[in-house]
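Undergrad: Shown below is the structure under consideration.
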Amino acid sequence: MKVILRNPRREIEIEGRRRVHGLLAELGLPRESHLVIRNGTLVPGDEELDKDDVIEIRPVISGGM
Amino acid sequence: MKCRTCRGPAIIDLPRHNANFCAEHFLQMCRRQVEKAIHDHQMLNKSDRILVAVSGGKDSLAVWDMLIDLGYQADGLYVALGIGEYSEESRGYTERFADERGLKLTVVSLRDDYGYDIPTASRATGRVPCSACGMSKRHLFDKAAIDGGYDVVVTGHNLDDEAAVLFGNALRWEVEYLARQLPVLPSRHGFPKKVKPLIRLSEREMAAWCVVRGIDYIVDECPIAAGNKHIGFKEALNALEEKSPGTKASYYLGFLDRMAPVLAGIGASGADSVTACTRCGAPTGGEEGSVCAFCRLVERSAAHEPVSVELILKKSRSQKRAQSEVAQS
């Protein structure tokens with residue numbers, strides 16, 4: 001699957017299927033500070049992502065006050 | 001995963017609530033949390049004229065959207081900070097949001113209206129950029145609210161923001177800052193009332209609100225803020241939250257419930273020593289006849305040759321490298 005990461009924006013390819021939690025753990029990204037989005041829709045943690053999916057992993061932490 | 005409310009397919013899991021929600025019931029949960037914050041802390045009335053401080057980021061656009069959704073009358077104010085492409089993009093998101101919904105947005109430009117930008121102010125005054133930025137925004141939001149006859153300024157500070165500030169203040173035992181870290185600052189001495197309706201919602205929940213509601217916002221981090229101490233505090237708290245969901249909420253909301261009343265007397269002391277700036281008339285903590293910090297910053301920054309964002313970032317990177325080398329030696 002194609003995975004789009006942000007800050008900075010970049011794309012990586014992941015082979016095979018993954019559950020959302022598994023993908024985040026594999027990439028070392030904390031669940032509390034990221035959302036996983038597929039086709040403009042949020043995907044919950046136990047959902048299985050298909051090998052042909054295009055996924056955005058969006059960080060949610062901001063630093064301005 | 002099933003929605004806790006309707007048992008339909010869930011779109012988000014929220015460990016701190018030990019629950020999953022579908023889109024409809026996730027939005028309902030968020031609205032209820034905001035209504036509870038507004039009610040418990042007497043933040044807003046339906047008749048109030050509200051000014052929302054908007055940045056183009058998820059929190060400020062979400063809070064503006066929620067207030068309109070809940071039937072409040074709210075206009076927006078955006079301050080163009082002059083942080084290169086980041087500022088141009090964030091302004092675009094804000095203007096599109098307002099245009100699409102027919103909302104009133106006022107834009108104040110530091111460069112066009114006051115002759116400086118944040119990178120230049122940082123260099124001219126020796127302040128860290130986030131300090132120059134925060135001070136400029138606070139002054140301009142206050143001024144716009146007073147000049148525009150607004151009853152209250154709303155900011156998009158969320159649970160993570162407040163927990164991180166609390167954590168930083170507690171680490172240094174900044175007792176006076178702790179005493180003032182409240183979700184409502186009442187109107188006094190020429191300052192407008194300021195409220196934070198998102199204190200019961202996390203950063204992840206606010207980003208999810210925007211995705212579900214179809215709100216485009218600037219996802220990229222401010223290049224100058226990236227890696228600052230505040231973000232480090234958030235990461236530390238998130239590490240605790242992952243192991244023990246609900247930690248951030250119990251930390252900050254518990255502070256409001258049990259610690260803030262204990263500190264109330266400290267917060268009130270010294271609050272009356274305010275005079276009017278001799279230059280702009282804004283309230284200032286200085287002695288009689290003094291000029292406020294904003295006017296001093298404008299004077300020094302506007303006289304300085306413009307400084308690019310890249311120059312500030314380069315300096316920041318070289319300072320971090322030097323600190324790292326000292327730490328390793």
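Scheme for the structure tokens: letters A, B, ... for chains in order shown; per-chain residue numbers from 1; ligand numbers from 1 in order shown.
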With a distance threshold of 6 Å and counting only C-alpha atoms, extract the residues of chain A near chain B and express them as a ChimeraX atom specification.
TA: /A:7,42-44,60,63
Undergrad: So which residues of chain A fall under alpha helix (DSSP H) by DSSP, listed as a list in words?
TA: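 Filtering chain A down to alpha helix (DSSP H) leaves Val20, His21, Gly22, Leu23, Leu24, Ala25, Glu26 and Leu27 of chain A.
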Undergrad: Would you export the selected residues with N, CA and C atoms as a PDB file, in the first residue's frame, please?
TA:
```
ATOM      1  N   VAL A  20      -4.481  -1.159  11.258  1.00  0.00           N
ATOM      2  CA  VAL A  20      -4.062   0.230  11.488  1.00  0.00           C
ATOM      3  C   VAL A  20      -3.065   0.320  12.645  1.00  0.00           C
ATOM      4  N   HIS A  21      -3.396  -0.314  13.773  1.00  0.00           N
ATOM      5  CA  HIS A  21      -2.494  -0.252  14.933  1.00  0.00           C
ATOM      6  C   HIS A  21      -1.133  -0.846  14.597  1.00  0.00           C
ATOM      7  N   GLY A  22      -1.149  -1.940  13.831  1.00  0.00           N
ATOM      8  CA  GLY A  22       0.096  -2.608  13.465  1.00  0.00           C
ATOM      9  C   GLY A  22       0.963  -1.723  12.584  1.00  0.00           C
ATOM     10  N   LEU A  23       0.309  -1.036  11.643  1.00  0.00           N
ATOM     11  CA  LEU A  23       1.064  -0.153  10.740  1.00  0.00           C
ATOM     12  C   LEU A  23       1.715   0.992  11.528  1.00  0.00           C
ATOM     13  N   LEU A  24       0.944   1.602  12.435  1.00  0.00           N
ATOM     14  CA  LEU A  24       1.501   2.710  13.234  1.00  0.00           C
ATOM     15  C   LEU A  24       2.675   2.218  14.082  1.00  0.00           C
ATOM     16  N   ALA A  25       2.507   1.056  14.699  1.00  0.00           N
ATOM     17  CA  ALA A  25       3.577   0.512  15.548  1.00  0.00           C
ATOM     18  C   ALA A  25       4.828   0.227  14.713  1.00  0.00           C
ATOM     19  N   GLU A  26       4.608  -0.335  13.527  1.00  0.00           N
ATOM     20  CA  GLU A  26       5.728  -0.672  12.639  1.00  0.00           C
ATOM     21  C   GLU A  26       6.517   0.585  12.252  1.00  0.00           C
ATOM     22  N   LEU A  27       5.801   1.684  12.084  1.00  0.00           N
ATOM     23  CA  LEU A  27       6.465   2.943  11.690  1.00  0.00           C
ATOM     24  C   LEU A  27       6.928   3.754  12.905  1.00  0.00           C
TER      25      LEU A  27
END
```
Undergrad: Could you tell me how far atom CA of Ser250 of chain B sits from atom CA of His39 of chain B, in Å to one decimal place?
TA: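 For atom CA of His39 of chain B relative to atom CA of Ser250 of chain B, the distance reads 19.0 Å.
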Undergrad: What's around Glu89 of chain B at 8 Å? Count only C-alpha atoms, leave out sequence neighbours fewer than 4 positions away in its own chain, and write the answer as an mmCIF file with N, CA and C atoms, in the first residue's frame.
TA:
```
data_model
loop_
_atom_site.group_PDB
_atom_site.id
_atom_site.type_symbol
_atom_site.label_atom_id
_atom_site.label_comp_id
_atom_site.auth_asym_id
_atom_site.auth_seq_id
_atom_site.Cartn_x
_atom_site.Cartn_y
_atom_site.Cartn_z
ATOM 1 N N GLU B 85 6.125 30.898 3.459
ATOM 2 C CA GLU B 85 5.044 30.147 2.806
ATOM 3 C C GLU B 85 4.029 29.617 3.819
ATOM 4 N N TYR B 93 -6.116 28.843 3.903
ATOM 5 C CA TYR B 93 -7.070 27.924 4.523
ATOM 6 C C TYR B 93 -8.135 28.697 5.304
ATOM 7 N N ILE B 218 -4.369 23.701 7.711
ATOM 8 C CA ILE B 218 -2.939 23.522 7.455
ATOM 9 C C ILE B 218 -2.401 22.429 8.384
#
```
Undergrad: Near Leu105 of chain B, within 7 Å and counting only C-alpha atoms, which residues show up once chain neighbours fewer than 2 positions away are dropped, as a list in words?
TA: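 Those residues are Asp75, Gly76, Leu77, Ala98, Leu103 and Val107 of chain B.
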Undergrad: May I have all residues of segment 2-64 of chain A that DSSP, computed from the backbone, assigns to strand (DSSP E or B), given as a PyMOL selection string?
TA: chain A and resi 2-5+10-13+18-19+34-38+41-42+48-49+54-59
Undergrad: Near Asp53 of chain A, counting only C-alpha atoms, which residues have an atom at most 9 Å away, once you skip same-chain residues fewer than 5 positions from it, shown as a PyMOL selection string?
TA: chain A and resi 1-3+38-39
